[in-house]
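These notes are about the structure you will find just below.
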Amino acid sequence: MPQYPQYQLKAYRPRMSAYWYLDQWHYLRYALRESSSFFVAWFCVVTLVQIAALSAGPTHYAHFQALMKYPAMIVINVVALGFFLLHAFTWFNLVPRVVVRQVLGKPTPNILSSAPNFMVWFGASVIVALFILGVF
Amino acid sequence: MSSAKRSNEPIVWFLFGTGGFFAAYFLPIHVLLYGIAFPLGLLHDPGYATTLALLEHPLVRLYLFALLTFCFFHAAHRMRLTLSDVLNMRHLNTILAFLCYGGAIAGTICAIWLLAVVP
Amino acid sequence: MPETIILEVERFHPERDTEPSYQSFEVPLRADWMVLDALNHIKDQLDGTLAFRWSCRMGICGSCGMTVNGVPKLTCETMLMDYAPGPVRVGPLAHFPVIKDLVVELDDFLAKLQKVRPWIVRKDDYQPKREFIQSPAQLEAFHQFSLCINCTLCYAACPVSGLDANFLGPAAIALAHRYNLDSRDQASDDRLDIVSQHEGIWDCTVVGECTTVCPKGVDPSLAIQQFKLTATQEWFKSFLMPRGKN
Ligand code: SF4
Ligand code: FES
């Protein structure tokens, strides 16, 4: 092949910018959606600590409750809630579409597959809240 | 036998997907109550005794175990991909995988220990 | 209403340049012009050395894909007016090697496309004596995915294809899906094996831009996620019944 090196193609190979996710709003939205994982990990650890405190007794649980009242803690958790909602919305818009299409084997309007999810989500949240609040 | 069927990616993806489901359905209400509403006094915190009574129910423990385990793996998988793709750490792939999935396994062990062993 | 618009066109000459640069051209801003018409105006009236590909001017050959203001577009169906008052930046499709100016090298894409065998494969000695009967429902199962024109806009939009040159990519996987859903085809197991390697479906992190930019309404992102679901189902099946199913 390299008999005529002067005729070899010298293509320019572009490299991706290290900050590619800032190039477009859609990319940034993707990067934010993926970042929700850090908060998922964070709140799982918080929940582990809570369970540990509960099992350790009332004074430990009071410590945990006091810890959750730190302003920094509340700020982190508000941000976490924002990320969880972003995750939930993107998830409910994507996953039912894939599963419903897989099961039915034909295109379905997105709204038909996502809407029931949002309703079930709301119902499940209310039930969990009632349990946590001690209503049941 | 095909490489596809031997690869471990489907199981990782299954854990990731199930965790995504749990995170989407249940984490918002958890953080809303325990992380925001109770500390700010927006809602009355049911307190130690009620919460402990809740935790003593085996089904609640099962729920918490599933929630924590799947969410840990969901987070681990996504954190690995975020670090490697968004923050350009593809060359550290092995280390990232070790840290992320290792972290998820550690979290799972903690959850089992707290929910099954500790009374 | 201004009568002209500035087009900033990316130029790269393989024998002179080491890096592309932008060159500005002032072209008439006409209500009925597409970006491709402006490029043709440049080539005909201002600078005949500008290189770009096009053929059908009606969004069907898939050769006029370029990056317009950062977004992959078929320039023959992208209104110039939409970018008024400008300037408009026109560059080659992202992530592909640039041969000259706006022309990219597609060899790699074509090789990936061939890997998934995007044609009907029969494993029996089926000699059709008449047309193969396919019901409207069987057609609907894959029809959407059959509309791909191989314009590679989805590759340019996909960050993963930029990060990992080996990624099989949206269109190839969407076409694999298209043939796997076709009732006449018999190679779905083979294609599943090909796409379920790491460089296939598992490289995808669901950015979803392939689906957003596709000019033909193909949904490669959906195809990839469905493949992941199928591959996972197969994995569990082979796990539960190690020797079942071939
Ligand atoms: S899937 Fe759409 S964007 Fe991708 S090559 Fe085919 S027609 Fe173009
Ligand atoms: S020129 Fe054929 S698709 Fe644009």
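Note on naming: chains are A, B, ... as they come in the structure tokens, residues start from 1 per chain, ligands start from 1 in the order shown.
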
Contact set, chain C to chain B: 6 Å, only C-alpha atoms, as number ranges by chain: C: 193, 196-197, 232, 235

With only C-alpha atoms and all ligand atoms counted, collect every polymer residue having an atom within 9 Å of ligand 1; state the result as a ChimeraX atom specification. /C:60,62,65,72-74,145-157,169-175,210-220

Taking only C-alpha atoms into account, find every residue of chain C that has an atom no more than 7 Å from chain A, and write it out as a PyMOL selection string. chain C and resi 14+19+95-99+140-141+162+207+222+225-226

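Minimum atom-to-atom distances from A:Val103, A:Met68, A:Phe83, A:Asn93 to chain B were compared using only C-alpha atoms, and the lowest value belongs to A:Met68.
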
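Restricting the calculation to only C-alpha atoms, the smallest distance between chain B and any of A:Val135, A:Val46, A:Leu81, A:Leu86 is found for A:Leu81.
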